[in-house]
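Next comes upload_12.cif, with mmCIF, C-alpha atoms.
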```cif
data_entry
loop_
_atom_site.label_atom_id
_atom_site.label_comp_id
_atom_site.auth_asym_id
_atom_site.auth_seq_id
_atom_site.Cartn_x
_atom_site.Cartn_y
_atom_site.Cartn_z
CA MET I 1 -4.51 12.29 -28.04
CA MET I 2 -3.25 8.73 -28.33
CA THR I 3 -2.61 6.93 -25.09
CA ARG I 4 0.72 5.30 -24.27
CA CYS I 5 -0.87 1.91 -24.86
CA GLY I 6 -2.17 3.03 -28.23
CA ARG I 7 1.27 4.22 -29.30
CA VAL I 8 2.81 0.87 -28.32
CA ILE I 9 0.24 -1.00 -30.40
CA VAL I 10 0.75 1.22 -33.46
CA VAL I 11 4.55 0.85 -33.28
CA LEU I 12 4.23 -2.92 -33.05
CA LEU I 13 1.84 -3.02 -36.00
CA ILE I 14 4.18 -0.91 -38.14
CA LEU I 15 7.10 -3.13 -37.21
CA GLY I 16 5.14 -6.22 -38.00
CA LEU I 17 3.81 -5.09 -41.36
CA SER I 18 7.20 -3.90 -42.55
CA VAL I 19 9.02 -7.23 -42.31
CA SER I 20 9.53 -9.93 -44.91
CA PRO I 21 7.75 -13.24 -44.57
CA VAL I 22 9.71 -16.17 -43.29
CA SER I 23 10.24 -19.18 -45.45
CA ALA I 24 8.91 -21.87 -43.10
CA GLN I 25 5.41 -23.24 -43.53
CA ARG I 26 3.15 -22.07 -40.74
CA ALA I 27 -0.08 -21.22 -42.50
CA GLY I 28 -2.94 -23.29 -41.17
CA ARG I 29 -1.02 -24.81 -38.26
CA TRP I 30 -2.21 -24.61 -34.67
CA THR I 31 0.15 -23.86 -31.80
CA PHE I 32 -0.33 -24.29 -28.08
CA HIS I 33 1.85 -22.08 -25.95
CA PRO I 34 1.83 -22.48 -22.14
CA GLN I 35 3.97 -19.97 -20.25
CA TYR I 36 5.10 -19.31 -16.73
CA SER I 37 4.67 -15.58 -16.11
CA MET I 38 6.16 -13.13 -13.64
CA VAL I 39 4.29 -9.88 -13.06
CA LEU I 40 5.49 -6.31 -12.56
CA PRO I 41 2.95 -3.57 -11.69
CA MET I 42 3.33 -0.46 -13.82
CA SER I 43 1.01 2.49 -13.30
CA ASP I 44 0.97 4.67 -10.20
CA GLU I 45 -2.60 3.59 -9.47
CA THR I 46 -1.67 -0.08 -9.58
CA ARG I 47 1.48 0.42 -7.52
CA GLU I 48 -0.36 2.46 -4.93
CA PHE I 49 -2.50 -0.59 -4.27
CA VAL I 50 0.17 -3.27 -4.56
CA ASP I 51 3.78 -2.81 -5.49
CA GLY I 52 6.68 -5.14 -6.10
CA PHE I 53 7.54 -7.98 -8.43
CA SER I 54 5.36 -11.09 -8.38
CA TRP I 55 6.50 -14.59 -9.28
CA ARG I 56 2.98 -15.91 -9.66
CA GLY I 57 1.33 -16.07 -13.02
CA GLY I 58 0.55 -18.24 -15.98
CA THR I 59 -0.46 -17.56 -19.57
CA ILE I 60 -1.70 -19.83 -22.33
CA ASP I 61 -1.85 -18.77 -25.98
CA ILE I 62 -3.57 -20.83 -28.65
CA GLU I 63 -2.97 -19.64 -32.19
CA ARG I 64 -3.41 -20.57 -35.80
CA GLY I 65 -1.07 -19.46 -38.56
CA ALA I 66 -2.93 -17.16 -40.92
CA THR I 67 0.11 -16.95 -43.15
CA ASP I 68 3.62 -18.20 -42.78
CA TYR I 69 4.51 -15.27 -40.57
CA ILE I 70 1.26 -14.04 -39.02
CA ALA I 71 -0.72 -15.94 -36.41
CA ILE I 72 -4.14 -15.15 -35.00
CA GLY I 73 -5.37 -16.65 -31.79
CA ALA I 74 -6.56 -16.31 -28.25
CA SER I 75 -4.83 -15.84 -24.95
CA PHE I 76 -5.85 -16.26 -21.38
CA GLY I 77 -3.91 -16.04 -18.17
CA TRP I 78 -3.98 -15.73 -14.42
CA HIS I 79 -1.68 -13.06 -13.10
CA VAL I 80 -1.31 -12.29 -9.41
CA LEU I 81 0.17 -9.28 -7.66
CA SER I 82 0.36 -9.37 -3.89
CA GLU I 83 2.03 -7.43 -1.14
CA GLU I 84 1.74 -6.88 2.58
CA ASN I 85 1.82 -3.15 3.13
CA THR I 86 0.32 -0.34 5.17
CA LYS I 87 -1.30 1.58 2.35
CA THR I 88 -4.85 2.73 1.84
CA SER I 89 -7.03 0.60 -0.41
CA VAL I 90 -9.59 2.84 -2.07
CA PHE I 91 -12.74 1.19 -3.36
CA PRO I 92 -15.62 2.82 -5.26
CA ASP I 93 -17.62 3.25 -2.04
CA GLY I 94 -15.09 3.14 0.74
CA ALA I 95 -11.52 2.59 1.81
CA ILE I 96 -9.34 0.51 4.12
CA SER I 97 -6.05 1.71 5.53
CA GLY I 98 -3.55 -0.11 7.66
CA ARG I 99 -1.32 -3.11 7.52
CA ALA I 100 -2.90 -5.72 5.30
CA LEU I 101 -2.28 -8.17 2.51
CA ARG I 102 -3.35 -6.69 -0.76
CA HIS I 103 -3.80 -8.76 -3.89
CA VAL I 104 -4.70 -8.19 -7.49
CA ASN I 105 -5.92 -11.24 -9.38
CA SER I 106 -6.16 -10.61 -13.09
CA VAL I 107 -7.64 -13.02 -15.62
CA PRO I 108 -7.30 -11.63 -19.16
CA LEU I 109 -9.16 -13.15 -22.11
CA MET I 110 -7.92 -11.72 -25.38
CA VAL I 111 -7.86 -12.11 -29.13
CA THR I 112 -4.28 -11.83 -30.30
CA GLY I 113 -2.26 -11.30 -33.42
CA LYS I 114 1.45 -12.03 -33.72
CA ILE I 115 4.04 -11.58 -36.38
CA ALA I 116 7.34 -13.42 -36.45
CA LEU I 117 10.56 -12.31 -38.10
CA GLY I 118 13.48 -14.16 -39.59
CA SER I 119 14.13 -17.80 -40.27
CA ARG I 120 12.45 -20.59 -38.37
CA ASP I 121 15.81 -22.37 -38.07
CA GLY I 122 17.27 -19.68 -35.82
CA ILE I 123 16.15 -17.51 -32.97
CA GLN I 124 13.06 -15.66 -34.08
CA PRO I 125 11.82 -12.41 -32.59
CA TRP I 126 8.09 -11.82 -32.62
CA PHE I 127 5.74 -8.97 -31.86
CA GLY I 128 2.13 -9.18 -30.90
CA VAL I 129 -0.94 -7.17 -30.04
CA GLY I 130 -4.20 -8.13 -28.47
CA GLY I 131 -7.39 -6.92 -26.96
CA GLY I 132 -10.35 -8.24 -25.10
CA THR I 133 -11.66 -8.31 -21.60
CA VAL I 134 -10.16 -8.96 -18.20
CA TRP I 135 -11.65 -9.89 -14.86
CA ILE I 136 -9.78 -8.17 -12.05
CA GLU I 137 -10.19 -8.71 -8.35
CA SER I 138 -8.60 -6.22 -5.98
CA ARG I 139 -8.63 -7.70 -2.52
CA THR I 140 -7.52 -6.52 0.91
CA GLU I 141 -7.16 -8.95 3.82
CA SER I 142 -6.29 -8.32 7.42
CA GLY I 143 -7.02 -10.87 10.07
CA ALA I 144 -10.65 -11.81 9.82
CA LEU I 145 -11.50 -8.91 7.56
CA ALA I 146 -11.57 -9.11 3.80
CA ALA I 147 -12.72 -6.55 1.30
CA GLU I 148 -12.76 -7.03 -2.41
CA ASP I 149 -13.74 -5.24 -5.52
CA THR I 150 -14.19 -7.17 -8.74
CA ASN I 151 -14.81 -5.73 -12.17
CA TRP I 152 -14.63 -6.55 -15.84
CA HIS I 153 -12.45 -4.18 -17.83
CA ARG I 154 -11.49 -3.77 -21.45
CA ILE I 155 -7.86 -4.71 -21.95
CA ALA I 156 -5.20 -4.10 -24.60
CA MET I 157 -1.74 -5.58 -24.80
CA GLY I 158 1.45 -5.31 -26.77
CA GLU I 159 4.28 -7.79 -26.55
CA ALA I 160 7.65 -8.77 -27.87
CA GLY I 161 9.37 -12.10 -27.56
CA LEU I 162 11.86 -14.62 -28.87
CA ARG I 163 11.37 -18.16 -30.10
CA ILE I 164 14.43 -20.27 -29.40
CA PRO I 165 14.51 -23.59 -31.23
CA ARG I 166 16.36 -26.47 -29.63
CA ASP I 167 18.02 -29.48 -31.21
CA SER I 168 15.31 -31.74 -29.85
CA GLY I 169 12.74 -29.97 -31.97
CA ALA I 170 11.17 -28.19 -29.05
CA THR I 171 10.87 -24.42 -29.02
CA ILE I 172 11.42 -22.35 -25.88
CA THR I 173 10.03 -18.82 -25.73
CA LEU I 174 10.89 -15.70 -23.78
CA SER I 175 8.56 -12.72 -23.88
CA ALA I 176 7.47 -9.49 -22.26
CA ARG I 177 3.85 -8.39 -22.47
CA TYR I 178 2.48 -5.01 -21.47
CA GLN I 179 -1.17 -5.15 -20.42
CA ARG I 180 -3.48 -2.30 -19.64
CA ALA I 181 -6.92 -2.74 -18.18
CA PHE I 182 -8.93 0.36 -18.92
CA GLU I 183 -11.01 2.27 -16.41
CA THR I 184 -14.08 0.65 -14.92
CA LYS I 185 -15.79 2.31 -11.96
CA GLY I 186 -12.82 4.61 -11.53
CA LEU I 187 -10.31 1.76 -11.40
CA GLU I 188 -7.47 0.99 -13.83
CA ARG I 189 -4.74 -1.60 -13.68
CA GLU I 190 -1.52 -1.78 -15.66
CA TYR I 191 1.27 -4.34 -15.54
CA VAL I 192 3.92 -6.21 -17.52
CA THR I 193 4.36 -9.97 -17.57
CA PHE I 194 7.71 -11.61 -18.26
CA SER I 195 7.15 -15.14 -19.47
CA VAL I 196 9.05 -18.31 -20.20
CA GLY I 197 7.13 -20.74 -22.34
CA TYR I 198 7.14 -23.86 -24.42
CA LEU I 199 5.73 -23.76 -27.92
CA LEU I 200 3.93 -26.85 -29.13
CA GLY I 201 2.99 -27.36 -32.73
CA GLY I 202 5.04 -24.47 -34.08
CA MET G 1 7.18 -51.63 -24.12
CA ALA G 2 5.07 -48.61 -24.83
CA ARG G 3 4.94 -46.02 -22.08
CA PRO G 4 1.52 -45.23 -20.62
CA TRP G 5 -0.12 -42.03 -21.87
CA TRP G 6 0.53 -40.19 -18.60
CA CYS G 7 4.32 -40.59 -18.95
CA GLY G 8 4.57 -38.88 -22.32
CA ARG G 9 6.17 -35.51 -22.86
CA ARG G 10 2.96 -33.97 -24.08
CA ALA G 11 1.05 -35.08 -21.00
CA LEU G 12 3.82 -33.66 -18.82
CA LEU G 13 3.63 -30.33 -20.61
CA TRP G 14 -0.14 -30.16 -20.33
CA GLY G 15 0.05 -30.97 -16.65
CA THR G 16 2.72 -28.34 -16.08
CA ALA G 17 0.73 -25.71 -17.92
CA ILE G 18 -2.44 -26.41 -16.00
CA ALA G 19 -0.59 -26.45 -12.68
CA LEU G 20 1.10 -23.13 -13.45
CA VAL G 21 -2.12 -21.39 -14.30
CA ALA G 22 -4.16 -22.94 -11.50
CA GLY G 23 -1.48 -22.28 -8.90
CA ALA G 24 -1.17 -18.66 -9.81
CA ALA G 25 -4.20 -17.56 -7.86
CA CYS G 26 -3.12 -18.81 -4.45
CA TYR G 27 -2.88 -16.25 -1.70
CA PRO G 28 0.16 -16.05 0.56
CA GLY G 29 -0.07 -16.44 4.33
CA GLU G 30 -2.32 -14.14 6.24
CA ILE G 31 -1.75 -11.94 9.24
CA GLU G 32 -2.56 -13.84 12.39
CA GLY G 33 -4.79 -12.25 14.99
CA VAL G 34 -7.28 -9.51 14.36
CA GLY G 35 -5.83 -7.30 17.09
CA GLU G 36 -2.34 -7.36 15.65
CA VAL G 37 -2.69 -4.19 13.66
CA ASP G 38 -4.72 -1.04 13.54
CA LEU G 39 -7.03 -0.95 10.60
CA VAL G 40 -9.35 1.85 9.56
CA MET G 41 -12.24 0.97 7.32
CA THR G 42 -14.74 3.43 5.91
CA ALA G 43 -17.73 2.94 3.65
CA TYR G 44 -20.53 5.20 2.49
CA ASP G 45 -23.78 5.38 0.62
CA PRO G 46 -22.94 6.67 -2.88
CA GLY G 47 -26.47 8.06 -3.10
CA ALA G 48 -26.10 10.36 -0.12
CA SER G 49 -25.68 14.11 -0.65
CA PHE G 50 -22.90 14.77 1.82
CA ARG G 51 -22.35 18.31 0.52
CA SER G 52 -25.83 19.24 1.66
CA PHE G 53 -25.16 18.26 5.28
CA ALA G 54 -24.39 21.21 7.53
CA THR G 55 -25.51 20.27 11.05
CA TYR G 56 -25.19 17.21 13.22
CA VAL G 57 -25.95 15.89 16.67
CA MET G 58 -23.63 13.48 18.46
CA PRO G 59 -24.70 11.90 21.79
CA ASP G 60 -22.01 12.33 24.45
CA THR G 61 -21.69 8.59 24.97
CA ILE G 62 -19.84 5.71 23.39
CA ILE G 63 -21.96 2.63 23.82
CA ARG G 64 -20.26 -0.68 24.64
CA VAL G 65 -22.10 -3.60 23.15
CA ASP G 66 -21.69 -7.21 24.09
CA ALA G 67 -23.04 -10.19 22.22
CA ALA G 68 -26.37 -9.93 24.00
CA GLY G 69 -26.82 -6.30 23.05
CA THR G 70 -26.55 -4.95 26.56
CA ASP G 71 -24.62 -1.79 27.08
CA LEU G 72 -21.61 -1.96 29.35
CA PRO G 73 -19.94 0.66 31.56
CA PRO G 74 -18.00 3.25 29.58
CA ALA G 75 -14.57 4.72 30.35
CA PRO G 76 -15.71 8.35 30.71
CA ASP G 77 -12.40 10.18 30.37
CA LEU G 78 -11.21 8.20 27.40
CA ASP G 79 -14.59 8.27 25.74
CA GLN G 80 -14.77 12.02 26.01
CA GLN G 81 -11.41 12.39 24.34
CA VAL G 82 -12.49 10.19 21.46
CA LEU G 83 -15.79 12.04 21.10
CA ASP G 84 -13.87 15.32 21.07
CA ALA G 85 -11.57 14.00 18.35
CA VAL G 86 -14.57 13.11 16.19
CA ALA G 87 -16.14 16.50 16.85
CA THR G 88 -12.89 18.22 15.87
CA GLU G 89 -12.79 16.39 12.55
CA LEU G 90 -16.44 17.21 11.80
CA ALA G 91 -15.87 20.85 12.71
CA ALA G 92 -12.89 20.96 10.35
CA LEU G 93 -15.22 19.80 7.58
CA GLY G 94 -17.64 22.62 8.38
CA TYR G 95 -20.30 20.66 10.23
CA VAL G 96 -22.05 22.58 13.01
CA ARG G 97 -22.85 20.60 16.12
CA LEU G 98 -26.33 20.96 17.63
CA GLU G 99 -27.36 19.92 21.11
CA PRO G 100 -29.42 16.75 21.41
CA SER G 101 -32.20 18.87 22.88
CA SER G 102 -32.32 20.99 19.75
CA LEU G 103 -35.79 21.45 18.38
CA ALA G 104 -34.41 21.79 14.90
CA ALA G 105 -33.64 18.46 13.35
CA PRO G 106 -29.97 18.07 12.44
CA ASP G 107 -28.99 16.97 8.97
CA VAL G 108 -27.27 13.91 10.40
CA VAL G 109 -26.83 12.10 13.71
CA VAL G 110 -23.41 10.65 14.52
CA VAL G 111 -23.23 7.76 17.00
CA LEU G 112 -20.21 5.91 18.37
CA THR G 113 -20.24 2.29 19.41
CA VAL G 114 -17.64 -0.20 20.62
CA ASN G 115 -18.23 -3.94 20.44
CA VAL G 116 -16.92 -5.85 23.43
CA ARG G 117 -16.92 -9.22 21.68
CA GLU G 118 -16.07 -10.28 18.17
CA VAL G 119 -19.01 -9.65 15.85
CA PRO G 120 -19.63 -9.85 12.11
CA HIS G 121 -19.26 -6.57 10.32
CA TRP G 122 -22.35 -4.50 9.59
CA THR G 123 -24.77 -6.40 11.75
CA ASP G 124 -27.85 -4.51 12.74
CA GLY G 125 -29.08 -6.63 15.63
CA PHE G 126 -29.69 -5.26 19.11
CA TRP G 127 -29.66 -1.68 17.85
CA TRP G 128 -32.63 -0.50 19.84
CA SER G 129 -31.47 -2.06 23.08
CA TYR G 130 -28.47 0.19 23.20
CA TRP G 131 -29.47 3.30 21.24
CA GLY G 132 -33.19 3.33 21.91
CA TRP G 133 -32.76 5.67 24.87
CA PHE G 134 -31.56 8.54 22.72
CA GLU G 135 -34.26 11.20 22.82
CA GLY G 136 -33.44 12.45 19.34
CA TRP G 137 -35.21 9.56 17.62
CA SER G 138 -38.56 10.44 19.16
CA GLN G 139 -38.10 14.13 18.31
CA TRP G 140 -36.90 13.91 14.73
CA SER G 141 -37.90 10.45 13.61
CA PRO G 142 -40.94 9.51 15.65
CA SER G 143 -41.81 6.54 13.47
CA TRP G 144 -38.64 4.70 14.43
CA ASP G 145 -39.21 2.12 17.09
CA ALA G 146 -37.74 -1.09 18.44
CA GLY G 147 -38.20 -2.86 15.13
CA TRP G 148 -35.91 -0.46 13.30
CA ALA G 149 -32.19 -0.99 12.79
CA PRO G 150 -29.47 0.66 10.71
CA TRP G 151 -28.93 -0.76 7.25
CA TYR G 152 -25.65 -0.83 5.37
CA PRO G 153 -26.44 -2.17 1.88
CA TRP G 154 -23.46 -0.25 0.47
CA ALA G 155 -20.93 -1.93 2.74
CA HIS G 156 -21.37 -5.57 1.85
CA LYS G 157 -18.08 -5.87 0.02
CA TYR G 158 -16.39 -5.55 3.39
CA ALA G 159 -16.90 -9.00 4.76
CA GLY G 160 -15.61 -10.68 7.85
CA VAL G 161 -15.50 -10.21 11.57
CA ARG G 162 -14.51 -7.19 13.59
CA GLY G 163 -12.33 -7.69 16.58
CA PRO G 164 -13.25 -6.81 20.16
CA GLY G 165 -12.77 -3.15 20.94
CA THR G 166 -13.58 -1.94 17.45
CA LEU G 167 -14.90 1.60 17.41
CA GLN G 168 -17.64 2.26 14.89
CA ILE G 169 -18.66 5.78 13.99
CA THR G 170 -22.00 5.80 12.18
CA MET G 171 -23.59 8.74 10.42
CA ILE G 172 -27.36 8.59 10.07
CA ASP G 173 -29.47 10.74 7.77
CA SER G 174 -33.10 10.47 8.77
CA ASP G 175 -34.21 12.17 5.55
CA GLN G 176 -32.51 9.59 3.36
CA PRO G 177 -35.00 7.24 1.70
CA THR G 178 -34.99 3.89 3.46
CA ALA G 179 -33.62 0.98 1.44
CA GLU G 180 -35.77 -1.55 3.27
CA ALA G 181 -38.79 -1.42 5.54
CA ARG G 182 -37.81 -0.26 9.03
CA ALA G 183 -34.23 0.40 7.97
CA ILE G 184 -32.51 3.30 9.70
CA PRO G 185 -30.67 5.04 6.86
CA ALA G 186 -26.97 5.05 7.70
CA VAL G 187 -24.99 6.97 5.08
CA TRP G 188 -21.41 6.64 6.32
CA ALA G 189 -19.58 4.43 8.75
CA ALA G 190 -16.02 4.12 9.96
CA ALA G 191 -14.68 1.13 11.86
CA ILE G 192 -11.35 1.35 13.66
CA ASP G 193 -10.51 -2.26 14.32
CA GLY G 194 -9.48 -3.14 17.86
CA LEU G 195 -8.94 0.45 18.96
CA PHE G 196 -10.30 -0.05 22.46
CA THR G 197 -8.26 -3.13 23.26
CA GLY G 198 -5.23 -3.02 25.51
CA ALA G 199 -4.25 -0.46 28.10
CA GLU G 200 -5.90 2.93 28.18
CA ALA G 201 -2.51 4.57 27.60
CA SER G 202 -2.21 2.61 24.37
CA VAL G 203 -5.62 3.77 23.20
CA ILE G 204 -4.77 7.37 24.05
CA SER G 205 -1.56 7.20 22.05
CA ARG G 206 -3.34 5.87 18.95
CA PHE G 207 -6.85 7.18 18.69
CA GLN G 208 -6.13 10.72 17.44
CA SER G 209 -4.34 9.60 14.30
CA LEU G 210 -6.77 6.76 13.66
CA VAL G 211 -9.85 8.97 13.93
CA ARG G 212 -8.15 11.50 11.67
CA GLN G 213 -7.37 8.73 9.18
CA ALA G 214 -11.04 7.74 9.06
CA PHE G 215 -11.95 11.24 7.94
CA ASP G 216 -8.91 11.68 5.69
CA GLN G 217 -9.86 8.64 3.66
CA SER G 218 -13.45 9.91 3.34
CA PRO G 219 -12.99 13.02 1.18
CA TYR G 220 -16.66 13.00 0.10
CA LEU G 221 -17.64 14.12 3.60
#
```
In structure tokens, what does this structure look like?
Amino acid sequence: MMTRCGRVIVVLLILGLSVSPVSAQRAGRWTFHPQYSMVLPMSDETREFVDGFSWRGGTIDIERGATDYIAIGASFGWHVLSEENTKTSVFPDGAISGRALRHVNSVPLMVTGKIALGSRDGIQPWFGVGGGTVWIESRTESGALAAEDTNWHRIAMGEAGLRIPRDSGATITLSARYQRAFETKGLEREYVTFSVGYLLGG
Amino acid sequence: MARPWWCGRRALLWGTAIALVAGAACYPGEIEGVGEVDLVMTAYDPGASFRSFATYVMPDTIIRVDAAGTDLPPAPDLDQQVLDAVATELAALGYVRLEPSSLAAPDVVVVLTVNVREVPHWTDGFWWSYWGWFEGWSQWSPSWDAGWAPWYPWAHKYAGVRGPGTLQITMIDSDQPTAEARAIPAVWAAAIDGLFTGAEASVISRFQSLVRQAFDQSPYL
């Protein structure tokens, strides 16, 4: 049975492969794409640890145009969820309950593929997929006590976004990226980042 | 006149990008004061066979420990209520309590300790000076002596300092292989941070639910 994440990736691939190439020259060009990211926890397991919208995150994509409409590259980021709550933090060999600050620090490192639609002169939607590894720290702090659990997970992502060209030649981007860190030592994390970025070299 | 390299748009963008990513990992402000909230922490040895434990012994004392390891006068009425609450939770899990004078060795020994001063979590110092009197060690674990101390290798991810008045419940399995030489094999521990601070009425109003929480968040028991 295909997971929700798997279905998202397949849909994005079908969408991407069914479009016509754009006319602009992108093959062989490198792009650098820094983004400010906001983070929303998604799965019940993630939200049981820390819930609520986070304004703290950053993502950088570096890509090379494989064709005029497909780019292959790498992505890394630093995405933070944090909340003061009175929940129970469950770790592989223990638990902490009570009022505390709980954080998730996530650092994904992925290989990505993106496909853009439409003309480069106008607003261009794009879709992307990616996979790789992610370092995740789940941390609980209360007073002088701190407990943390850090693990490497496999990660998959699917995203959609818009490139918005400006008269100055710069390109602003808006995007949403779903990221799922698969189970390691009984722990999974799932969240969406909403990003505003600036595309250089595109 | 040409602008210096650090005034260019590209340099500004690089700087912004690096600042955004680097700043993302900051933590917000922390709670001030360890006694501000009740906190229940539990940890256990993943290698222990909790399902095989059926009997236990629990001394009828909660030891107060100061920084020098000397035991301090208890509060008998309050202590008895807390001990009863722990016994109730263990009984609910099916554990049968044996008397300390029992000739048959229990599967585990449960001891309760309160630190009077702030101490680092999971320290093993001074153990014998406040639990050495317990006759059970000589009956069931005659090799243990003053050089032995409990060992918590499975609890090291819980770092920091425990506040004064923290109740620790420790479960010891003398049959568990020792992780280190002269290490008393603790298999489970609960720390209720700052429980014994404040007025006795305050402790009485809080301890039942906090002790219950320690067991509720330890389903492997």
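Those residues returned by the PyMOL selection byres ((chain G and resi 53) around 12) for this file are Ala48, Ser49, Phe50, Arg51, Ser52, Ala54, Thr55, Tyr56, Val57, Leu90, Leu93, Gly94, Tyr95, Val96, Arg97, Ala105, Pro106, Asp107, Val108, Val109, Met171, Ile172, Asp173, Ser174, Asp175, Gln176, Val187, Tyr220 and Leu221 of chain G.
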Could you tell me, as a PyMOL selection string, exactly which residues end up selected when the PyMOL selection byres ((chain I and resi 28-44) around 8) is applied to this structure?
(chain I and resi 26-27+45-48+50-67+79-81+189-202) or (chain G and resi 17+20-21)
Can you work out the spacing between atom CA of G:Pro177 and atom CA of G:Asp145 in Å, to one decimal?
16.8 Å
Contacts between chain G and chain I, please, where a residue of chain I counts if it comes within 8 Å (with all atoms listed in the file); show its shortest atom pair and distance in Å to one decimal, rows by chain and ascending number, as JSON lines.
```
{"residue": "I:Pro34", "atom": "CA", "partner": "G:Ala17", "partner_atom": "CA", "distance": 5.4}
{"residue": "I:Gln35", "atom": "CA", "partner": "G:Ala17", "partner_atom": "CA", "distance": 7.0}
{"residue": "I:Tyr36", "atom": "CA", "partner": "G:Leu20", "partner_atom": "CA", "distance": 6.4}
{"residue": "I:Arg56", "atom": "CA", "partner": "G:Ala24", "partner_atom": "CA", "distance": 5.0}
{"residue": "I:Gly57", "atom": "CA", "partner": "G:Ala24", "partner_atom": "CA", "distance": 4.8}
{"residue": "I:Gly58", "atom": "CA", "partner": "G:Val21", "partner_atom": "CA", "distance": 4.5}
{"residue": "I:Thr59", "atom": "CA", "partner": "G:Val21", "partner_atom": "CA", "distance": 6.7}
{"residue": "I:Ile60", "atom": "CA", "partner": "G:Ala17", "partner_atom": "CA", "distance": 7.7}
{"residue": "I:Gly77", "atom": "CA", "partner": "G:Val21", "partner_atom": "CA", "distance": 6.8}
{"residue": "I:Trp78", "atom": "CA", "partner": "G:Val21", "partner_atom": "CA", "distance": 6.0}
{"residue": "I:His79", "atom": "CA", "partner": "G:Ala24", "partner_atom": "CA", "distance": 6.5}
{"residue": "I:Val80", "atom": "CA", "partner": "G:Ala25", "partner_atom": "CA", "distance": 6.2}
{"residue": "I:Ser82", "atom": "CA", "partner": "G:Tyr27", "partner_atom": "CA", "distance": 7.9}
{"residue": "I:Thr88", "atom": "CA", "partner": "G:Gln217", "partner_atom": "CA", "distance": 8.0}
{"residue": "I:Asp93", "atom": "CA", "partner": "G:Ala43", "partner_atom": "CA", "distance": 5.7}
{"residue": "I:Gly94", "atom": "CA", "partner": "G:Ala43", "partner_atom": "CA", "distance": 3.9}
{"residue": "I:Ala95", "atom": "CA", "partner": "G:Thr42", "partner_atom": "CA", "distance": 5.3}
{"residue": "I:Ile96", "atom": "CA", "partner": "G:Met41", "partner_atom": "CA", "distance": 4.3}
{"residue": "I:Ser97", "atom": "CA", "partner": "G:Val40", "partner_atom": "CA", "distance": 5.2}
{"residue": "I:Gly98", "atom": "CA", "partner": "G:Leu39", "partner_atom": "CA", "distance": 4.6}
{"residue": "I:Arg99", "atom": "CA", "partner": "G:Val37", "partner_atom": "CA", "distance": 6.4}
{"residue": "I:Ala100", "atom": "CA", "partner": "G:Ile31", "partner_atom": "CA", "distance": 7.5}
{"residue": "I:Leu101", "atom": "CA", "partner": "G:Glu30", "partner_atom": "CA", "distance": 7.0}
{"residue": "I:His103", "atom": "CA", "partner": "G:Tyr27", "partner_atom": "CA", "distance": 7.9}
{"residue": "I:Asn105", "atom": "CA", "partner": "G:Ala25", "partner_atom": "CA", "distance": 6.7}
{"residue": "I:Glu141", "atom": "CA", "partner": "G:Glu30", "partner_atom": "CA", "distance": 7.5}
{"residue": "I:Ser142", "atom": "CA", "partner": "G:Ile31", "partner_atom": "CA", "distance": 6.1}
{"residue": "I:Gly143", "atom": "CA", "partner": "G:Val34", "partner_atom": "CA", "distance": 4.5}
{"residue": "I:Ala144", "atom": "CA", "partner": "G:Val161", "partner_atom": "CA", "distance": 5.4}
{"residue": "I:Leu145", "atom": "CA", "partner": "G:Gly160", "partner_atom": "CA", "distance": 4.5}
{"residue": "I:Ala146", "atom": "CA", "partner": "G:Ala159", "partner_atom": "CA", "distance": 5.4}
{"residue": "I:Ala147", "atom": "CA", "partner": "G:Tyr158", "partner_atom": "CA", "distance": 4.3}
{"residue": "I:Glu148", "atom": "CA", "partner": "G:Lys157", "partner_atom": "CA", "distance": 6.0}
{"residue": "I:Asp149", "atom": "CA", "partner": "G:Lys157", "partner_atom": "CA", "distance": 7.1}
```
Output file for the selection above: C-alpha atoms, as a compact mmCIF listing (two decimals), keeping the file's coordinate frame:
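Final file, result-v7.txt:
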```txt
# COMPACT_ATOMS: atom_id res chain seq x y z
CA PRO I 34 1.83 -22.48 -22.14
CA GLN I 35 3.97 -19.97 -20.25
CA TYR I 36 5.10 -19.31 -16.73
CA ARG I 56 2.98 -15.91 -9.66
CA GLY I 57 1.33 -16.07 -13.02
CA GLY I 58 0.55 -18.24 -15.98
CA THR I 59 -0.46 -17.56 -19.57
CA ILE I 60 -1.70 -19.83 -22.33
CA GLY I 77 -3.91 -16.04 -18.17
CA TRP I 78 -3.98 -15.73 -14.42
CA HIS I 79 -1.68 -13.06 -13.10
CA VAL I 80 -1.31 -12.29 -9.41
CA SER I 82 0.36 -9.37 -3.89
CA THR I 88 -4.85 2.73 1.84
CA ASP I 93 -17.62 3.25 -2.04
CA GLY I 94 -15.09 3.14 0.74
CA ALA I 95 -11.52 2.59 1.81
CA ILE I 96 -9.34 0.51 4.12
CA SER I 97 -6.05 1.71 5.53
CA GLY I 98 -3.55 -0.11 7.66
CA ARG I 99 -1.32 -3.11 7.52
CA ALA I 100 -2.90 -5.72 5.30
CA LEU I 101 -2.28 -8.17 2.51
CA HIS I 103 -3.80 -8.76 -3.89
CA ASN I 105 -5.92 -11.24 -9.38
CA GLU I 141 -7.16 -8.95 3.82
CA SER I 142 -6.29 -8.32 7.42
CA GLY I 143 -7.02 -10.87 10.07
CA ALA I 144 -10.65 -11.81 9.82
CA LEU I 145 -11.50 -8.91 7.56
CA ALA I 146 -11.57 -9.11 3.80
CA ALA I 147 -12.72 -6.55 1.30
CA GLU I 148 -12.76 -7.03 -2.41
CA ASP I 149 -13.74 -5.24 -5.52
```
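Coordinates place atom CA of G:Ile184 at a distance of 23.4 Å from atom CA of G:Pro219.
Atom pair atom CA of G:Ser101 / atom CA of G:Ala87: separated by 17.3 Å.
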